[in-house]
Every structure is written in C-alpha cells, then in structure tokens.
file data-v6.txt (compact mmCIF, N, CA and C atoms)
# COMPACT_ATOMS: atom_id res chain seq x y z
N MET F 152 70.20 114.99 73.94
CA MET F 152 70.57 113.81 74.68
C MET F 152 69.31 113.11 75.17
N ARG F 153 69.29 111.82 75.01
CA ARG F 153 68.13 111.04 75.40
C ARG F 153 68.18 110.69 76.88
N LYS F 154 67.10 110.84 77.55
CA LYS F 154 67.01 110.56 78.98
C LYS F 154 66.71 109.07 79.17
N MET F 155 67.45 108.41 80.08
CA MET F 155 67.21 106.99 80.35
C MET F 155 65.97 106.83 81.22
N SER F 156 65.15 105.94 80.81
CA SER F 156 63.99 105.64 81.64
C SER F 156 63.82 104.13 81.71
N PHE F 157 63.48 103.66 82.87
CA PHE F 157 63.28 102.23 83.07
C PHE F 157 61.79 101.93 83.03
N ARG F 158 61.47 100.87 82.35
CA ARG F 158 60.09 100.41 82.34
C ARG F 158 59.94 99.33 83.41
N ALA F 159 58.72 98.98 83.70
CA ALA F 159 58.44 97.97 84.73
C ALA F 159 59.11 96.65 84.40
N LEU F 160 59.13 96.25 83.12
CA LEU F 160 59.75 94.99 82.71
C LEU F 160 61.26 95.03 82.93
N ASP F 161 61.89 96.16 82.66
CA ASP F 161 63.33 96.31 82.90
C ASP F 161 63.67 96.11 84.37
N ILE F 162 62.89 96.73 85.23
CA ILE F 162 63.12 96.61 86.67
C ILE F 162 62.89 95.17 87.13
N LEU F 163 61.87 94.51 86.60
CA LEU F 163 61.60 93.12 86.95
C LEU F 163 62.75 92.22 86.54
N ILE F 164 63.30 92.41 85.36
CA ILE F 164 64.43 91.60 84.89
C ILE F 164 65.65 91.82 85.77
N ILE F 165 65.93 93.05 86.13
CA ILE F 165 67.07 93.35 87.00
C ILE F 165 66.90 92.67 88.35
N ILE F 166 65.71 92.72 88.91
CA ILE F 166 65.45 92.09 90.21
C ILE F 166 65.60 90.57 90.10
N LEU F 167 65.09 89.96 89.05
CA LEU F 167 65.19 88.50 88.87
C LEU F 167 66.64 88.06 88.73
N VAL F 168 67.43 88.80 87.98
CA VAL F 168 68.85 88.46 87.82
C VAL F 168 69.58 88.59 89.16
N ALA F 169 69.30 89.63 89.92
CA ALA F 169 69.93 89.82 91.22
C ALA F 169 69.55 88.70 92.19
N VAL F 170 68.28 88.34 92.23
CA VAL F 170 67.82 87.26 93.12
C VAL F 170 68.45 85.94 92.72
N ALA F 171 68.52 85.65 91.42
CA ALA F 171 69.14 84.41 90.96
C ALA F 171 70.62 84.36 91.33
N GLY F 172 71.33 85.48 91.19
CA GLY F 172 72.73 85.53 91.57
C GLY F 172 72.95 85.30 93.06
N ILE F 173 72.12 85.91 93.87
CA ILE F 173 72.23 85.72 95.32
C ILE F 173 71.92 84.27 95.69
N PHE F 174 70.87 83.70 95.10
CA PHE F 174 70.51 82.31 95.38
C PHE F 174 71.64 81.36 95.02
N LEU F 175 72.22 81.51 93.84
CA LEU F 175 73.29 80.62 93.40
C LEU F 175 74.53 80.77 94.28
N THR F 176 74.84 81.99 94.70
CA THR F 176 75.99 82.20 95.57
C THR F 176 75.79 81.55 96.93
N VAL F 177 74.64 81.77 97.54
CA VAL F 177 74.36 81.18 98.85
C VAL F 177 74.29 79.66 98.74
N HIS F 178 73.69 79.14 97.69
CA HIS F 178 73.57 77.69 97.51
C HIS F 178 74.95 77.03 97.36
N SER F 179 75.86 77.64 96.60
CA SER F 179 77.17 77.04 96.40
C SER F 179 78.03 77.13 97.66
N LEU F 180 77.87 78.19 98.47
CA LEU F 180 78.63 78.31 99.71
C LEU F 180 78.18 77.28 100.73
N GLY F 181 76.93 76.90 100.70
CA GLY F 181 76.40 75.95 101.67
C GLY F 181 76.41 74.52 101.19
N GLN F 182 77.10 74.25 100.07
CA GLN F 182 77.11 72.91 99.52
C GLN F 182 77.76 71.93 100.50
N LYS F 183 77.07 70.85 100.77
CA LYS F 183 77.56 69.86 101.70
C LYS F 183 77.54 68.49 101.05
N GLY F 184 78.29 67.58 101.60
CA GLY F 184 78.32 66.23 101.09
C GLY F 184 78.37 65.25 102.24
N SER F 185 78.49 63.97 101.90
CA SER F 185 78.50 62.95 102.94
C SER F 185 79.88 62.35 103.17
N ARG F 186 80.84 62.62 102.28
CA ARG F 186 82.19 62.12 102.51
C ARG F 186 83.21 63.11 102.00
N VAL F 187 84.37 63.09 102.61
CA VAL F 187 85.49 63.93 102.22
C VAL F 187 86.57 63.01 101.66
N VAL F 188 86.99 63.29 100.44
CA VAL F 188 88.02 62.48 99.79
C VAL F 188 89.29 63.31 99.71
N VAL F 189 90.39 62.73 100.21
CA VAL F 189 91.68 63.41 100.22
C VAL F 189 92.68 62.59 99.41
N ASN F 190 93.31 63.22 98.45
CA ASN F 190 94.41 62.62 97.71
C ASN F 190 95.66 63.36 98.13
N ALA F 191 96.55 62.66 98.83
CA ALA F 191 97.76 63.29 99.38
C ALA F 191 98.99 62.49 98.97
N ALA F 192 99.80 63.07 98.13
CA ALA F 192 101.07 62.47 97.71
C ALA F 192 100.89 61.03 97.24
N GLY F 193 99.84 60.76 96.45
CA GLY F 193 99.64 59.44 95.87
C GLY F 193 98.79 58.49 96.69
N THR F 194 98.35 58.89 97.87
CA THR F 194 97.50 58.05 98.71
C THR F 194 96.12 58.67 98.81
N ARG F 195 95.10 57.82 98.77
CA ARG F 195 93.71 58.30 98.85
C ARG F 195 93.16 57.98 100.25
N TYR F 196 92.53 58.99 100.86
CA TYR F 196 91.90 58.85 102.17
C TYR F 196 90.44 59.25 102.04
N GLU F 197 89.58 58.60 102.83
CA GLU F 197 88.17 58.97 102.86
C GLU F 197 87.74 59.17 104.31
N TYR F 198 86.96 60.23 104.54
CA TYR F 198 86.46 60.56 105.87
C TYR F 198 84.97 60.85 105.76
N SER F 199 84.26 60.61 106.83
CA SER F 199 82.85 60.96 106.88
C SER F 199 82.71 62.48 107.01
N ALA F 200 81.88 63.07 106.19
CA ALA F 200 81.62 64.51 106.29
C ALA F 200 80.61 64.80 107.38
N GLU F 201 80.03 63.75 107.94
CA GLU F 201 79.03 63.91 109.00
C GLU F 201 79.66 64.01 110.38
N LEU F 202 80.92 63.64 110.49
CA LEU F 202 81.62 63.64 111.78
C LEU F 202 82.61 64.80 111.82
N ALA F 203 82.32 65.81 112.62
CA ALA F 203 83.20 66.97 112.74
C ALA F 203 84.51 66.57 113.40
N GLY F 204 85.59 67.15 112.93
CA GLY F 204 86.89 66.87 113.52
C GLY F 204 88.01 67.49 112.74
N THR F 205 89.21 67.39 113.29
CA THR F 205 90.42 67.88 112.65
C THR F 205 91.31 66.68 112.34
N TYR F 206 91.80 66.61 111.11
CA TYR F 206 92.57 65.46 110.64
C TYR F 206 93.84 65.94 109.98
N THR F 207 94.84 65.06 109.95
CA THR F 207 96.12 65.37 109.33
C THR F 207 96.51 64.25 108.38
N VAL F 208 96.98 64.63 107.19
CA VAL F 208 97.47 63.66 106.21
C VAL F 208 98.88 64.06 105.80
N PRO F 209 99.73 63.08 105.49
CA PRO F 209 101.09 63.42 105.06
C PRO F 209 101.10 63.84 103.60
N GLY F 210 101.75 64.96 103.32
CA GLY F 210 101.92 65.43 101.95
C GLY F 210 103.38 65.31 101.55
N GLU F 211 103.71 65.80 100.38
CA GLU F 211 105.08 65.71 99.90
C GLU F 211 106.05 66.55 100.73
N LEU F 212 105.60 67.74 101.20
CA LEU F 212 106.46 68.62 102.00
C LEU F 212 106.31 68.41 103.50
N GLY F 213 105.23 67.75 103.91
CA GLY F 213 104.96 67.55 105.32
C GLY F 213 103.46 67.41 105.55
N PRO F 214 103.03 67.42 106.80
CA PRO F 214 101.62 67.19 107.11
C PRO F 214 100.71 68.37 106.76
N THR F 215 99.53 68.05 106.21
CA THR F 215 98.48 69.03 105.97
C THR F 215 97.33 68.72 106.91
N THR F 216 96.87 69.72 107.63
CA THR F 216 95.78 69.56 108.59
C THR F 216 94.54 70.22 108.04
N PHE F 217 93.40 69.52 108.14
CA PHE F 217 92.14 70.06 107.65
C PHE F 217 91.04 69.79 108.66
N GLU F 218 89.99 70.59 108.56
CA GLU F 218 88.86 70.50 109.48
C GLU F 218 87.60 70.15 108.70
N ILE F 219 86.83 69.21 109.23
CA ILE F 219 85.53 68.86 108.68
C ILE F 219 84.48 69.33 109.68
N LYS F 220 83.48 70.06 109.17
CA LYS F 220 82.43 70.57 110.05
C LYS F 220 81.18 70.82 109.21
N ASN F 221 80.05 70.29 109.66
CA ASN F 221 78.76 70.50 108.98
C ASN F 221 78.80 70.12 107.51
N GLY F 222 79.50 69.04 107.18
CA GLY F 222 79.54 68.57 105.80
C GLY F 222 80.44 69.38 104.88
N ARG F 223 81.25 70.28 105.46
CA ARG F 223 82.16 71.10 104.67
C ARG F 223 83.58 70.87 105.16
N VAL F 224 84.56 71.37 104.41
CA VAL F 224 85.96 71.14 104.77
C VAL F 224 86.79 72.39 104.46
N ARG F 225 87.85 72.58 105.27
CA ARG F 225 88.82 73.65 105.02
C ARG F 225 90.18 73.19 105.51
N ILE F 226 91.24 73.71 104.91
CA ILE F 226 92.61 73.42 105.34
C ILE F 226 92.97 74.44 106.42
N THR F 227 93.49 73.94 107.55
CA THR F 227 93.84 74.83 108.66
C THR F 227 95.35 75.00 108.83
N ASP F 228 96.15 74.05 108.31
CA ASP F 228 97.61 74.18 108.42
C ASP F 228 98.26 73.39 107.30
N SER F 229 99.33 73.94 106.76
CA SER F 229 100.06 73.28 105.68
C SER F 229 101.51 73.78 105.66
N PRO F 230 102.45 72.92 105.27
CA PRO F 230 103.85 73.34 105.23
C PRO F 230 104.23 74.11 103.97
N CYS F 231 103.29 74.37 103.08
CA CYS F 231 103.61 75.07 101.84
C CYS F 231 104.03 76.51 102.14
N PRO F 232 104.84 77.11 101.28
CA PRO F 232 105.39 78.43 101.58
C PRO F 232 104.39 79.59 101.51
N ASN F 233 103.43 79.56 100.60
CA ASN F 233 102.56 80.73 100.43
C ASN F 233 101.20 80.62 101.13
N LYS F 234 100.83 79.46 101.62
CA LYS F 234 99.59 79.24 102.41
C LYS F 234 98.31 79.62 101.65
N THR F 235 98.33 79.56 100.33
CA THR F 235 97.14 79.86 99.54
C THR F 235 96.02 78.87 99.84
N CYS F 236 96.38 77.63 100.12
CA CYS F 236 95.38 76.60 100.42
C CYS F 236 94.58 76.94 101.68
N ILE F 237 95.22 77.55 102.65
CA ILE F 237 94.53 77.94 103.89
C ILE F 237 93.59 79.11 103.61
N ALA F 238 94.02 80.02 102.74
CA ALA F 238 93.22 81.20 102.42
C ALA F 238 91.95 80.84 101.63
N GLN F 239 91.88 79.62 101.06
CA GLN F 239 90.69 79.21 100.31
C GLN F 239 89.47 79.09 101.20
N GLY F 240 89.66 78.87 102.49
CA GLY F 240 88.54 78.76 103.44
C GLY F 240 87.70 77.53 103.19
N TRP F 241 86.41 77.63 103.49
CA TRP F 241 85.46 76.53 103.32
C TRP F 241 85.10 76.45 101.84
N HIS F 242 85.86 75.72 101.10
CA HIS F 242 85.72 75.69 99.64
C HIS F 242 85.74 74.25 99.17
N ASN F 243 85.24 74.00 97.98
CA ASN F 243 85.26 72.66 97.42
C ASN F 243 85.52 72.75 95.93
N PRO F 244 86.55 72.16 95.41
CA PRO F 244 87.61 71.40 96.08
C PRO F 244 88.70 72.32 96.62
N LEU F 245 89.52 71.76 97.51
CA LEU F 245 90.68 72.46 98.06
C LEU F 245 91.94 71.85 97.44
N VAL F 246 92.91 72.68 97.12
CA VAL F 246 94.13 72.19 96.49
C VAL F 246 95.33 72.87 97.12
N CYS F 247 96.33 72.07 97.49
CA CYS F 247 97.63 72.58 97.91
C CYS F 247 98.65 71.97 96.95
N LEU F 248 99.00 72.71 95.91
CA LEU F 248 99.89 72.18 94.89
C LEU F 248 101.29 71.87 95.39
N PRO F 249 101.95 72.76 96.15
CA PRO F 249 103.30 72.43 96.58
C PRO F 249 103.37 71.15 97.43
N ASN F 250 102.35 70.89 98.24
CA ASN F 250 102.35 69.71 99.11
C ASN F 250 101.64 68.52 98.45
N LYS F 251 101.11 68.71 97.24
CA LYS F 251 100.41 67.67 96.47
C LYS F 251 99.26 67.06 97.26
N VAL F 252 98.36 67.94 97.75
CA VAL F 252 97.18 67.52 98.50
C VAL F 252 95.95 68.10 97.82
N MET F 253 94.96 67.24 97.54
CA MET F 253 93.68 67.67 96.99
C MET F 253 92.58 67.12 97.88
N ILE F 254 91.63 67.99 98.28
CA ILE F 254 90.53 67.59 99.16
C ILE F 254 89.22 67.98 98.50
N SER F 255 88.27 67.05 98.46
CA SER F 255 86.96 67.38 97.90
C SER F 255 85.86 66.74 98.73
N VAL F 256 84.69 67.38 98.72
CA VAL F 256 83.51 66.86 99.40
C VAL F 256 82.64 66.22 98.33
N GLU F 257 82.23 64.99 98.58
CA GLU F 257 81.41 64.26 97.62
C GLU F 257 80.10 63.87 98.26
N GLY F 258 79.10 63.57 97.46
CA GLY F 258 77.76 63.34 97.96
C GLY F 258 77.38 61.92 98.29
N GLU F 259 78.16 60.93 97.91
CA GLU F 259 77.76 59.55 98.16
C GLU F 259 78.06 59.16 99.60
N ALA F 260 77.15 58.45 100.21
CA ALA F 260 77.31 58.03 101.60
C ALA F 260 77.92 56.64 101.67
N SER F 261 79.22 56.55 101.38
CA SER F 261 79.86 55.25 101.39
C SER F 261 80.78 55.05 102.59
N VAL F 262 80.97 56.08 103.39
CA VAL F 262 81.82 55.98 104.58
C VAL F 262 80.93 56.11 105.80
N LYS F 263 81.05 55.17 106.74
CA LYS F 263 80.25 55.22 107.96
C LYS F 263 80.70 56.37 108.84
N ALA F 264 79.77 56.95 109.57
CA ALA F 264 80.10 58.04 110.49
C ALA F 264 81.15 57.57 111.48
N GLY F 265 82.15 58.39 111.71
CA GLY F 265 83.20 58.05 112.65
C GLY F 265 84.37 57.34 112.01
N GLN F 266 84.27 57.00 110.75
CA GLN F 266 85.32 56.27 110.08
C GLN F 266 86.19 57.22 109.27
N GLY F 267 87.46 57.00 109.31
CA GLY F 267 88.40 57.66 108.42
C GLY F 267 89.39 56.60 108.01
N ARG F 268 89.63 56.44 106.74
CA ARG F 268 90.53 55.37 106.35
C ARG F 268 91.41 55.83 105.20
N GLY F 269 92.61 55.35 105.19
CA GLY F 269 93.53 55.63 104.10
C GLY F 269 93.82 54.34 103.39
N ARG F 270 93.97 54.42 102.09
CA ARG F 270 94.32 53.22 101.35
C ARG F 270 95.17 53.62 100.17
N GLU F 271 96.07 52.74 99.82
CA GLU F 271 96.89 52.99 98.66
C GLU F 271 96.01 52.93 97.44
N SER F 272 96.20 53.81 96.52
CA SER F 272 95.43 53.80 95.29
C SER F 272 96.35 54.14 94.14
N GLN F 273 95.78 54.24 93.00
CA GLN F 273 96.59 54.59 91.85
C GLN F 273 97.21 55.96 92.04
N GLU F 274 98.32 56.19 91.39
CA GLU F 274 99.06 57.44 91.53
C GLU F 274 98.17 58.63 91.18
N VAL F 275 98.19 59.65 92.02
CA VAL F 275 97.42 60.87 91.78
C VAL F 275 98.27 61.80 90.93
N GLU F 276 97.73 62.26 89.83
CA GLU F 276 98.46 63.12 88.91
C GLU F 276 98.13 64.58 89.19
N PHE F 277 99.13 65.46 89.18
CA PHE F 277 98.96 66.89 89.25
C PHE F 277 99.48 67.46 87.95
N ASP F 278 98.74 68.39 87.37
CA ASP F 278 99.17 68.93 86.09
C ASP F 278 99.95 70.24 86.21
N ALA F 279 100.16 70.73 87.44
CA ALA F 279 100.93 71.94 87.65
C ALA F 279 101.54 71.92 89.05
N VAL F 280 102.69 72.53 89.19
CA VAL F 280 103.34 72.61 90.49
C VAL F 280 103.75 74.06 90.71
N SER F 281 103.46 74.57 91.91
CA SER F 281 103.81 75.94 92.25
C SER F 281 104.84 75.93 93.35
N GLN F 282 105.82 76.78 93.27
CA GLN F 282 106.87 76.85 94.30
C GLN F 282 106.73 78.10 95.10
call {"tool": "encode", "arguments": {"input": "data-v6.txt", "output": "structure tokens"}}
result
Amino acid sequence: MRKMSFRALDILIIILVAVAGIFLTVHSLGQKGSRVVVNAAGTRYEYSAELAGTYTVPGELGPTTFEIKNGRVRITDSPCPNKTCIAQGWHNPLVCLPNKVMISVEGEASVKAGQGRGRESQEVEFDAVSQ
C-alpha cells in the first residue's frame, strides 16, 4: 500500500483554494447596493438602500414586510404559508412565490436617500408558483 505524502506545492494549492473560498463567501454575504427594487403583484417599488427602515408592500396574499439596513435587505413578515422567504435572511435576491413578491438590491444610485416610491410598471412574470 502506498503511503500518502503531501508536497509543499500540494499544501500551497490547498491553502489558496481555501482562502479563495472564504474570500468569495464573505464578499457575497457583504454585498451591498444603493437601491432596493421590489416587484410585488405587478407593481414596482424602489427604495434607497442607504436609508435603514422597515417597509411593507401589498402582495397577492397580503402585505409583505421587509427591512433595509446597511445596504442589505431581508423579509421579516409575509402571509405565505411556509415562510421560506423569511428564512432566506439577508440575501439577494429575495423571493416569496406564493405572495408574488421579488426583492433585489441593485448598485445604481438612482433613488435619493429617504425616498421610497411605487409606480405601476409592466406586469411582473413569475415562472413558478408554490402553494
């Protein structure tokens, strides 16, 4: 039976792969943007990601509440039956299929701090529905 031995290059490659994985994980968790875009039951809303707060939008089943903090967003309350959207935590994008709500953080600074606005837009399409 052959004995496994690691050479210096093998150890270096393992360390580099581990460091790259940790860096990419931390970088993606800390991803921030300048605006939060919400598509809820066919209506598009935009909020500043720079202004912390809790907001509510009407969905197909009822209101969905989300929190914006430090350029990130999470869903804190939803009328959907399984609450998977709440379990997603600080994630981008966030989706609540039963309530037809999609939330994403984007990088363009087109919304002034302190502003939140809703406007009718083209119909938002969902390609799957979960009950």
call {"tool": "closest_residue", "arguments": {"input": "data-v6.txt", "among": "F:Gly172, F:Ala203, F:Arg158, F:Thr216", "to": "Ser229 (chain F)", "atoms": "only N, CA and C atoms"}}
result
F:Thr216
call {"tool": "closest_residue", "arguments": {"input": "data-v6.txt", "among": "F:Ala169, F:Ile164, F:Ala159, F:Leu212", "to": "Pro249 (chain F)", "atoms": "all atoms listed in the file"}}
result
F:Leu212
call {"tool": "residues_around", "arguments": {"input": "data-v6.txt", "residues": "Pro244 (chain F)", "least_positions_apart": "2", "cutoff": "8 Å", "atoms": "only N, CA and C atoms", "output": "PyMOL selection string"}}
result
chain F and resi 241-242+246-247+253-256
call {"tool": "atom_distance", "arguments": {"input": "data-v6.txt", "atom1": "CA of Val188 (chain F)", "atom2": "CA of Cys231 (chain F)"}}
result
20.1 Å
call {"tool": "closest_residue", "arguments": {"input": "data-v6.txt", "among": "F:Asp161, F:Ile173, F:Lys220, F:Ala191", "to": "Thr205 (chain F)", "atoms": "all atoms listed in the file"}}
result
F:Lys220
call {"tool": "atom_distance", "arguments": {"input": "data-v6.txt", "atom1": "atom C of Ile237 (chain F)", "atom2": "CA of Ala171 (chain F)"}}
result
28.0 Å
call {"tool": "closest_residue", "arguments": {"input": "data-v6.txt", "among": "F:Asn190, F:Asn250, F:Asn243, F:Ser185", "to": "Val224 (chain F)", "atoms": "only N, CA and C atoms"}}
result
F:Asn243
call {"tool": "atom_distance", "arguments": {"input": "data-v6.txt", "atom1": "atom N of Asn221 (chain F)", "atom2": "CA of Thr194 (chain F)"}}
result
24.0 Å
call {"tool": "closest_residue", "arguments": {"input": "data-v6.txt", "among": "F:Phe217, F:Ile162, F:Arg195, F:Gly222", "to": "Glu257 (chain F)", "atoms": "all atoms listed in the file"}}
result
F:Gly222
call {"tool": "select_by_dssp", "arguments": {"input": "data-v6.txt", "residues": "region 177-265 of chain F", "states": "strand (DSSP E or B)", "output": "MDAnalysis selection string"}}
result
chainID F and resid 186:191 194:199 204:209 214:220 223:228 245:247 252:257
call {"tool": "residues_near_point", "arguments": {"input": "data-v6.txt", "point": "(101.9, 71.8, 108.0)", "cutoff": "5 Å", "atoms": "all atoms listed in the file", "output": "PyMOL selection string"}}
result
chain F and resi 214-215+228-230
call {"tool": "residues_around", "arguments": {"input": "data-v6.txt", "residues": "Glu218 (chain F)", "least_positions_apart": "5", "cutoff": "6.5 Å", "atoms": "only N, CA and C atoms", "output": "ChimeraX atom specification"}}
result
/F:204-206,223-227
